[in-house]
>>> print(open('protein04.cif').read())   # mmCIF, C-alpha atoms (C1' of nucleotides)
data_my_file
loop_
_atom_site.label_atom_id
_atom_site.label_comp_id
_atom_site.auth_asym_id
_atom_site.auth_seq_id
_atom_site.Cartn_x
_atom_site.Cartn_y
_atom_site.Cartn_z
CA MET A 1 -34.01 28.59 182.35
CA GLU A 2 -36.13 30.97 184.37
CA LEU A 3 -38.40 30.56 187.37
CA ARG A 4 -41.36 30.81 185.04
CA HIS A 5 -40.41 27.50 183.47
CA LEU A 6 -40.32 25.83 186.86
CA ARG A 7 -43.59 27.37 188.02
CA TYR A 8 -45.30 26.15 184.88
CA PHE A 9 -43.81 22.70 185.19
CA ILE A 10 -44.89 22.40 188.81
CA ALA A 11 -48.45 23.28 187.90
CA VAL A 12 -48.59 20.66 185.17
CA ALA A 13 -46.91 18.07 187.36
CA GLU A 14 -49.44 18.66 190.10
CA GLU A 15 -52.49 18.71 187.90
CA LEU A 16 -51.26 16.05 185.49
CA ASN A 17 -53.33 17.89 182.96
CA PHE A 18 -52.31 20.85 180.82
CA SER A 19 -55.78 22.38 180.66
CA ARG A 20 -56.29 22.58 184.39
CA ALA A 21 -52.71 23.72 184.96
CA ALA A 22 -53.21 26.50 182.42
CA GLU A 23 -56.37 27.68 184.16
CA ARG A 24 -54.62 27.69 187.49
CA LEU A 25 -51.75 29.74 186.02
CA HIS A 26 -54.12 32.06 184.19
CA VAL A 27 -52.53 31.37 180.85
CA SER A 28 -53.79 29.36 177.91
CA GLN A 29 -52.61 25.86 177.08
CA PRO A 30 -50.42 26.62 174.07
CA PRO A 31 -47.96 28.91 175.85
CA LEU A 32 -47.88 26.48 178.73
CA SER A 33 -47.15 23.58 176.44
CA ARG A 34 -44.39 25.51 174.71
CA GLN A 35 -42.69 26.57 177.91
CA ILE A 36 -42.61 23.00 179.14
CA ARG A 37 -41.16 21.86 175.85
CA SER A 38 -38.55 24.57 175.95
CA LEU A 39 -37.60 23.50 179.47
CA GLU A 40 -37.28 19.91 178.32
CA ALA A 41 -35.19 21.08 175.40
CA GLU A 42 -32.84 23.07 177.57
CA LEU A 43 -32.43 20.24 180.05
CA LYS A 44 -32.24 17.71 177.25
CA VAL A 45 -34.61 15.53 179.24
CA LYS A 46 -38.18 14.43 178.79
CA LEU A 47 -40.05 15.43 181.93
CA LEU A 48 -43.53 14.26 181.06
CA ASP A 49 -45.11 11.35 179.29
CA ARG A 50 -47.99 12.69 177.26
CA ASN A 51 -49.68 9.38 176.72
CA THR A 52 -53.30 8.74 176.22
CA GLN A 53 -55.63 9.88 178.93
CA GLY A 54 -53.49 12.17 180.96
CA VAL A 55 -49.94 13.11 181.65
CA ARG A 56 -47.40 11.22 183.72
CA LEU A 57 -44.08 12.27 185.16
CA THR A 58 -41.00 10.51 183.92
CA ARG A 59 -38.44 9.34 186.44
CA VAL A 60 -36.30 12.39 185.79
CA GLY A 61 -39.47 14.47 185.92
CA HIS A 62 -39.97 13.48 189.53
CA ALA A 63 -36.48 14.53 190.48
CA VAL A 64 -36.78 17.83 188.64
CA LEU A 65 -40.16 18.43 190.23
CA ALA A 66 -38.75 18.11 193.73
CA ARG A 67 -35.92 20.50 192.98
CA SER A 68 -38.23 22.90 191.21
CA ARG A 69 -40.54 23.08 194.18
CA LYS A 70 -37.65 23.85 196.44
CA LEU A 71 -36.34 26.53 194.12
CA VAL A 72 -39.68 28.25 193.79
CA ARG A 73 -40.24 28.05 197.54
CA ASP A 74 -36.82 29.56 198.14
CA ALA A 75 -37.59 32.33 195.70
CA GLU A 76 -40.80 33.09 197.55
CA SER A 77 -38.87 33.09 200.76
CA LEU A 78 -36.31 35.51 199.35
CA ARG A 79 -39.06 37.87 198.35
CA ALA A 80 -40.79 37.57 201.68
CA GLU A 81 -37.65 38.21 203.65
CA ALA A 82 -36.66 41.18 201.55
CA ARG A 83 -40.05 42.76 202.10
CA ARG A 84 -39.97 41.95 205.77
CA ASN A 85 -36.76 43.93 206.07
CA ARG A 86 -38.23 46.84 204.25
CA GLU A 87 -38.17 49.05 207.32
CA TYR A 88 -34.52 48.44 208.04
CA ARG A 89 -33.45 50.98 205.48
CA ASP A 90 -29.80 51.77 205.93
CA PRO A 91 -29.48 54.29 208.77
CA LYS A 92 -26.99 56.00 206.48
CA MET B 1 -39.04 37.96 189.75
CA GLU B 2 -36.99 35.71 187.51
CA LEU B 3 -33.56 34.16 187.81
CA ARG B 4 -32.25 36.76 185.41
CA HIS B 5 -32.87 39.47 188.01
CA LEU B 6 -30.87 37.56 190.56
CA ARG B 7 -28.04 36.77 188.17
CA TYR B 8 -27.77 40.45 187.26
CA PHE B 9 -27.88 41.51 190.87
CA ILE B 10 -25.17 39.06 191.86
CA ALA B 11 -22.88 40.39 189.16
CA VAL B 12 -23.33 43.98 190.27
CA ALA B 13 -22.96 43.05 193.92
CA GLU B 14 -19.72 41.27 193.18
CA GLU B 15 -18.25 43.93 190.95
CA LEU B 16 -19.69 46.86 192.86
CA ASN B 17 -19.68 48.57 189.51
CA PHE B 18 -22.39 48.49 186.87
CA SER B 19 -20.04 48.86 183.93
CA ARG B 20 -17.85 45.91 184.82
CA ALA B 21 -20.87 43.80 185.77
CA ALA B 22 -22.46 44.58 182.42
CA GLU B 23 -19.33 43.49 180.56
CA ARG B 24 -19.20 40.28 182.52
CA LEU B 25 -22.84 39.59 181.70
CA HIS B 26 -22.40 40.58 178.06
CA VAL B 27 -25.13 43.18 178.23
CA SER B 28 -24.92 46.96 178.27
CA GLN B 29 -25.34 49.05 181.38
CA PRO B 30 -28.83 50.44 180.77
CA PRO B 31 -30.63 47.08 180.67
CA LEU B 32 -28.65 45.98 183.68
CA SER B 33 -29.52 49.12 185.60
CA ARG B 34 -33.20 48.72 184.74
CA GLN B 35 -33.36 45.09 185.78
CA ILE B 36 -31.85 45.91 189.14
CA ARG B 37 -34.31 48.72 189.62
CA SER B 38 -37.20 46.51 188.68
CA LEU B 39 -36.00 43.94 191.22
CA GLU B 40 -35.81 46.61 193.88
CA ALA B 41 -39.27 47.77 192.92
CA GLU B 42 -40.75 44.31 193.16
CA LEU B 43 -39.11 43.63 196.50
CA LYS B 44 -39.91 47.13 197.68
CA VAL B 45 -36.37 47.34 199.01
CA LYS B 46 -33.30 49.31 198.08
CA LEU B 47 -30.52 46.79 197.46
CA LEU B 48 -27.72 49.11 196.45
CA ASP B 49 -26.45 52.50 197.45
CA ARG B 50 -25.40 54.29 194.31
CA ASN B 51 -23.34 56.92 195.98
CA THR B 52 -20.42 58.74 194.59
CA GLN B 53 -17.44 56.64 193.64
CA GLY B 54 -18.92 53.21 193.41
CA VAL B 55 -21.81 51.12 194.57
CA ARG B 56 -22.38 49.66 198.00
CA LEU B 57 -24.74 46.97 199.21
CA THR B 58 -27.39 47.96 201.69
CA ARG B 59 -27.96 45.77 204.68
CA VAL B 60 -30.93 44.12 203.00
CA GLY B 61 -28.82 43.87 199.87
CA HIS B 62 -26.39 41.61 201.66
CA ALA B 63 -29.14 39.29 202.79
CA VAL B 64 -30.70 39.18 199.35
CA LEU B 65 -27.30 38.56 197.80
CA ALA B 66 -26.71 35.49 199.93
CA ARG B 67 -30.10 34.05 199.08
CA SER B 68 -29.71 34.92 195.42
CA ARG B 69 -26.43 33.10 195.19
CA LYS B 70 -27.96 30.04 196.72
CA LEU B 71 -30.92 30.17 194.37
CA VAL B 72 -28.79 30.51 191.29
CA ARG B 73 -26.50 27.75 192.47
CA ASP B 74 -29.48 25.50 193.08
CA ALA B 75 -30.81 26.28 189.64
CA GLU B 76 -27.48 25.31 188.13
CA SER B 77 -27.55 22.16 190.16
CA LEU B 78 -31.04 21.32 188.94
CA ARG B 79 -29.93 21.71 185.37
CA ALA B 80 -26.82 19.65 185.94
CA GLU B 81 -28.68 16.83 187.60
CA ALA B 82 -31.36 16.73 184.94
CA ARG B 83 -28.75 16.45 182.24
CA ARG B 84 -26.81 13.87 184.18
CA ASN B 85 -29.92 11.70 184.25
CA ARG B 86 -30.42 12.09 180.56
CA GLU B 87 -29.56 8.48 179.89
CA TYR B 88 -32.04 7.14 182.42
CA ARG B 89 -34.89 7.62 180.02
CA ASP B 90 -37.95 5.83 181.30
CA PRO B 91 -37.60 2.16 180.39
CA LYS B 92 -41.22 2.47 179.28
"C1'" DC C 1 -14.49 68.04 181.72
"C1'" DG C 2 -14.50 62.73 183.06
"C1'" DG C 3 -16.33 58.49 184.87
"C1'" DG C 4 -20.41 56.18 185.88
"C1'" DC C 5 -25.40 55.56 186.49
"C1'" DT C 6 -29.95 56.78 184.53
"C1'" DT C 7 -33.50 58.34 181.14
"C1'" DA C 8 -35.08 58.54 176.27
"C1'" DC C 9 -36.08 56.28 172.28
"C1'" DG C 10 -36.60 52.77 168.77
"C1'" DG C 11 -36.02 47.92 167.31
"C1'" DT C 12 -36.30 43.06 167.98
"C1'" DG C 13 -37.05 38.82 170.07
"C1'" DT C 14 -39.92 35.98 172.96
"C1'" DG C 15 -44.01 34.92 175.28
"C1'" DC C 16 -49.03 35.18 174.78
"C1'" DG C 17 -53.80 34.29 172.78
"C1'" DT C 18 -56.97 32.68 169.10
"C1'" DA C 19 -57.73 29.40 165.81
"C1'" DA C 20 -56.67 25.33 163.18
"C1'" DA C 21 -54.55 20.71 163.19
"C1'" DT C 22 -53.53 16.25 165.19
"C1'" DA C 23 -54.21 12.29 168.04
"C1'" DT C 24 -56.38 8.97 170.95
"C1'" DC C 25 -60.40 7.13 172.72
"C1'" DG D 1 -67.21 12.83 167.34
"C1'" DA D 2 -65.28 14.42 171.95
"C1'" DT D 3 -61.49 15.62 174.76
"C1'" DA D 4 -56.77 17.04 175.13
"C1'" DT D 5 -52.29 18.51 173.47
"C1'" DT D 6 -49.66 20.57 169.77
"C1'" DT D 7 -48.74 23.59 165.63
"C1'" DA D 8 -49.72 27.89 163.00
"C1'" DC D 9 -50.03 32.58 162.98
"C1'" DG D 10 -50.20 37.25 164.30
"C1'" DC D 11 -49.67 40.62 168.12
"C1'" DA D 12 -48.00 42.87 172.15
"C1'" DC D 13 -45.02 43.47 175.75
"C1'" DA D 14 -40.54 43.52 177.74
"C1'" DC D 15 -35.81 43.26 177.26
"C1'" DC D 16 -32.01 45.10 174.68
"C1'" DG D 17 -28.71 48.57 172.51
"C1'" DT D 18 -27.42 53.31 171.08
"C1'" DA D 19 -27.44 57.86 172.28
"C1'" DA D 20 -28.35 61.71 175.15
"C1'" DG D 21 -28.79 63.46 179.98
"C1'" DC D 22 -27.21 63.98 184.91
"C1'" DC D 23 -24.54 64.03 188.78
"C1'" DC D 24 -20.59 64.25 191.49
"C1'" DG D 25 -15.61 64.78 191.70
#
>>> encode(input="protein04.cif", output="structure tokens")
Amino acid sequence: MELRHLRYFIAVAEELNFSRAAERLHVSQPPLSRQIRSLEAELKVKLLDRNTQGVRLTRVGHAVLARSRKLVRDAESLRAEARRNREYRDPK
Amino acid sequence: MELRHLRYFIAVAEELNFSRAAERLHVSQPPLSRQIRSLEAELKVKLLDRNTQGVRLTRVGHAVLARSRKLVRDAESLRAEARRNREYRDPK
DNA sequence: CGGGCTTACGGTGTGCGTAAATATC
DNA sequence: GATATTTACGCACACCGTAAGCCCG
């Protein structure tokens, strides 16, 4: 599992539509679809219901979505803080 | 930035030695060294002091280490919870 | 010289894109 | 038949491992 999987999943969960999520991520649908499936496979959980006319989150999907958002936010925050401290290079 | 970068960094930070960290991760030193460098490049921060006789964390390195540990723990926790809820498949 | 990190250099796996297939309306 | 996701297929990039290079004791 990598952050990429979570970023992709969040996009689909928010758009509830693979096509729009793919646009937003600047990738095409097939890779997006595969990454979601691979995430579901690793977690051994179905995250989305691909029923007719649109996509819906499963119950577990909702829980994973919340945690994914937090993780990705925290990753952003890590990056931001690291860069913010750029000037504090060890004074040797 | 992916979780792999953080996992690698944590291993080096804990071992303070690329060789031992590589063993522990079941990869060889060169890939490990490159991933750390690429993380430093992305964050625009030096995380480690590779001075003679061993590796030391920079000040920023310590901060990033703490956040990395939390992130990786949270990722583990996400995976664990998802699997735990495996049985709660949507009752349709 | 010896231990340990980095650079060089190929090989391979994994993600990506285009195109075809499938499904539901 | 139109829209939307998935499968097929080939390619390219990025990670990996082996081997050579450096650096500091």
>>> residues_around(input="protein04.cif", residues="range 7-22 of chain A", least_positions_apart="4", cutoff="7 Å", atoms="only C-alpha atoms (C1' of nucleotides)", output="JSON, numbers by chain")
{"A": [3, 26, 27, 28, 29, 32, 36, 54, 55, 56, 57, 65, 69]}
>>> resolve_selection(input="protein04.cif", expression="the PyMOL selection byres ((chain C and resi 1) around 12)", output="list in words")
DG2 and DG3 of chain C; DG25 of chain D
>>> closest_residue(input="protein04.cif", among="D:DG17, D:DC22, D:DA12, D:DA4", to="chain A", atoms="all atoms listed in the file")
D:DA4
>>> closest_atom_pairs(input="protein04.cif", of="chain D", to="chain A", cutoff="12 Å", atoms="all atoms listed in the file", output="CSV")
residue,atom,partner,partner_atom,distance
D:DT3,C1',A:Gln53,CA,9.2
D:DA4,C1',A:Ser19,CA,7.8
D:DT5,C1',A:Phe18,CA,7.7
D:DT6,C1',A:Pro30,CA,7.5
D:DT7,C1',A:Pro30,CA,9.1
D:DA8,C1',A:Pro30,CA,11.2
>>> interface_residues(input="protein04.cif", of="chain A", to="chain B", cutoff="10 Å", atoms="only C-alpha atoms", output="VMD selection string")
chain A and resid 1 to 6 39 to 40 42 to 47 49 57 to 61 63 to 68 70 to 72 74 to 92
>>> calpha_fit_and_write(input="protein04.cif", fixed="chain A", moving="chain B", output="PDB file with C-alpha atoms, in the coordinates of the input")
ATOM      1  CA  MET B   1     -34.059  28.623 182.369  1.00  0.00           C
ATOM      2  CA  GLU B   2     -36.178  31.009 184.394  1.00  0.00           C
ATOM      3  CA  LEU B   3     -38.442  30.586 187.386  1.00  0.00           C
ATOM      4  CA  ARG B   4     -41.419  30.824 185.081  1.00  0.00           C
ATOM      5  CA  HIS B   5     -40.452  27.505 183.490  1.00  0.00           C
ATOM      6  CA  LEU B   6     -40.355  25.850 186.867  1.00  0.00           C
ATOM      7  CA  ARG B   7     -43.615  27.387 188.031  1.00  0.00           C
ATOM      8  CA  TYR B   8     -45.332  26.160 184.870  1.00  0.00           C
ATOM      9  CA  PHE B   9     -43.834  22.724 185.205  1.00  0.00           C
ATOM     10  CA  ILE B  10     -44.913  22.408 188.819  1.00  0.00           C
ATOM     11  CA  ALA B  11     -48.482  23.262 187.905  1.00  0.00           C
ATOM     12  CA  VAL B  12     -48.616  20.650 185.170  1.00  0.00           C
ATOM     13  CA  ALA B  13     -46.924  18.065 187.356  1.00  0.00           C
ATOM     14  CA  GLU B  14     -49.457  18.656 190.085  1.00  0.00           C
ATOM     15  CA  GLU B  15     -52.504  18.681 187.866  1.00  0.00           C
ATOM     16  CA  LEU B  16     -51.245  16.040 185.469  1.00  0.00           C
ATOM     17  CA  ASN B  17     -53.335  17.875 182.936  1.00  0.00           C
ATOM     18  CA  PHE B  18     -52.310  20.824 180.799  1.00  0.00           C
ATOM     19  CA  SER B  19     -55.766  22.348 180.607  1.00  0.00           C
ATOM     20  CA  ARG B  20     -56.315  22.518 184.343  1.00  0.00           C
ATOM     21  CA  ALA B  21     -52.744  23.689 184.937  1.00  0.00           C
ATOM     22  CA  ALA B  22     -53.235  26.454 182.394  1.00  0.00           C
ATOM     23  CA  GLU B  23     -56.407  27.631 184.126  1.00  0.00           C
ATOM     24  CA  ARG B  24     -54.660  27.652 187.459  1.00  0.00           C
ATOM     25  CA  LEU B  25     -51.822  29.705 185.999  1.00  0.00           C
ATOM     26  CA  HIS B  26     -54.200  32.021 184.154  1.00  0.00           C
ATOM     27  CA  VAL B  27     -52.598  31.325 180.809  1.00  0.00           C
ATOM     28  CA  SER B  28     -53.843  29.295 177.866  1.00  0.00           C
ATOM     29  CA  GLN B  29     -52.621  25.823 177.048  1.00  0.00           C
ATOM     30  CA  PRO B  30     -50.408  26.596 174.049  1.00  0.00           C
ATOM     31  CA  PRO B  31     -47.990  28.912 175.874  1.00  0.00           C
ATOM     32  CA  LEU B  32     -47.892  26.475 178.745  1.00  0.00           C
ATOM     33  CA  SER B  33     -47.163  23.556 176.453  1.00  0.00           C
ATOM     34  CA  ARG B  34     -44.394  25.504 174.725  1.00  0.00           C
ATOM     35  CA  GLN B  35     -42.722  26.568 177.943  1.00  0.00           C
ATOM     36  CA  ILE B  36     -42.621  22.997 179.158  1.00  0.00           C
ATOM     37  CA  ARG B  37     -41.157  21.866 175.878  1.00  0.00           C
ATOM     38  CA  SER B  38     -38.561  24.582 175.963  1.00  0.00           C
ATOM     39  CA  LEU B  39     -37.614  23.501 179.489  1.00  0.00           C
ATOM     40  CA  GLU B  40     -37.280  19.923 178.338  1.00  0.00           C
ATOM     41  CA  ALA B  41     -35.192  21.089 175.419  1.00  0.00           C
ATOM     42  CA  GLU B  42     -32.849  23.090 177.594  1.00  0.00           C
ATOM     43  CA  LEU B  43     -32.433  20.267 180.077  1.00  0.00           C
ATOM     44  CA  LYS B  44     -32.217  17.743 177.272  1.00  0.00           C
ATOM     45  CA  VAL B  45     -34.592  15.552 179.249  1.00  0.00           C
ATOM     46  CA  LYS B  46     -38.154  14.423 178.799  1.00  0.00           C
ATOM     47  CA  LEU B  47     -40.035  15.428 181.948  1.00  0.00           C
ATOM     48  CA  LEU B  48     -43.511  14.260 181.059  1.00  0.00           C
ATOM     49  CA  ASP B  49     -45.071  11.351 179.267  1.00  0.00           C
ATOM     50  CA  ARG B  50     -47.950  12.678 177.238  1.00  0.00           C
ATOM     51  CA  ASN B  51     -49.629   9.391 176.669  1.00  0.00           C
ATOM     52  CA  THR B  52     -53.242   8.754 176.110  1.00  0.00           C
ATOM     53  CA  GLN B  53     -55.566   9.754 178.902  1.00  0.00           C
ATOM     54  CA  GLY B  54     -53.455  12.120 180.891  1.00  0.00           C
ATOM     55  CA  VAL B  55     -49.899  13.073 181.603  1.00  0.00           C
ATOM     56  CA  ARG B  56     -47.377  11.205 183.694  1.00  0.00           C
ATOM     57  CA  LEU B  57     -44.064  12.275 185.161  1.00  0.00           C
ATOM     58  CA  THR B  58     -40.969  10.511 183.952  1.00  0.00           C
ATOM     59  CA  ARG B  59     -38.446   9.374 186.482  1.00  0.00           C
ATOM     60  CA  VAL B  60     -36.296  12.425 185.821  1.00  0.00           C
ATOM     61  CA  GLY B  61     -39.464  14.490 185.950  1.00  0.00           C
ATOM     62  CA  HIS B  62     -39.985  13.508 189.553  1.00  0.00           C
ATOM     63  CA  ALA B  63     -36.493  14.564 190.508  1.00  0.00           C
ATOM     64  CA  VAL B  64     -36.795  17.850 188.667  1.00  0.00           C
ATOM     65  CA  LEU B  65     -40.179  18.458 190.255  1.00  0.00           C
ATOM     66  CA  ALA B  66     -38.775  18.139 193.753  1.00  0.00           C
ATOM     67  CA  ARG B  67     -35.943  20.529 193.009  1.00  0.00           C
ATOM     68  CA  SER B  68     -38.254  22.937 191.230  1.00  0.00           C
ATOM     69  CA  ARG B  69     -40.567  23.125 194.186  1.00  0.00           C
ATOM     70  CA  LYS B  70     -37.687  23.889 196.458  1.00  0.00           C
ATOM     71  CA  LEU B  71     -36.376  26.568 194.132  1.00  0.00           C
ATOM     72  CA  VAL B  72     -39.707  28.283 193.811  1.00  0.00           C
ATOM     73  CA  ARG B  73     -40.257  28.092 197.541  1.00  0.00           C
ATOM     74  CA  ASP B  74     -36.840  29.598 198.150  1.00  0.00           C
ATOM     75  CA  ALA B  75     -37.590  32.363 195.700  1.00  0.00           C
ATOM     76  CA  GLU B  76     -40.797  33.137 197.551  1.00  0.00           C
ATOM     77  CA  SER B  77     -38.868  33.128 200.765  1.00  0.00           C
ATOM     78  CA  LEU B  78     -36.301  35.539 199.360  1.00  0.00           C
ATOM     79  CA  ARG B  79     -39.030  37.916 198.343  1.00  0.00           C
ATOM     80  CA  ALA B  80     -40.753  37.627 201.688  1.00  0.00           C
ATOM     81  CA  GLU B  81     -37.605  38.257 203.654  1.00  0.00           C
ATOM     82  CA  ALA B  82     -36.609  41.224 201.540  1.00  0.00           C
ATOM     83  CA  ARG B  83     -39.980  42.813 202.080  1.00  0.00           C
ATOM     84  CA  ARG B  84     -39.930  42.014 205.760  1.00  0.00           C
ATOM     85  CA  ASN B  85     -36.684  43.954 206.056  1.00  0.00           C
ATOM     86  CA  ARG B  86     -38.131  46.885 204.231  1.00  0.00           C
ATOM     87  CA  GLU B  87     -38.123  49.035 207.329  1.00  0.00           C
ATOM     88  CA  TYR B  88     -34.474  48.377 208.102  1.00  0.00           C
ATOM     89  CA  ARG B  89     -33.380  50.885 205.528  1.00  0.00           C
ATOM     90  CA  ASP B  90     -29.711  51.636 205.958  1.00  0.00           C
ATOM     91  CA  PRO B  91     -29.376  54.155 208.779  1.00  0.00           C
ATOM     92  CA  LYS B  92     -26.981  55.924 206.420  1.00  0.00           C
TER      93      LYS B  92
END
>>> atom_distance(input="protein04.cif", atom1="C1' of DA20 in chain C", atom2="CA of Leu25 in chain A")
23.8 Å
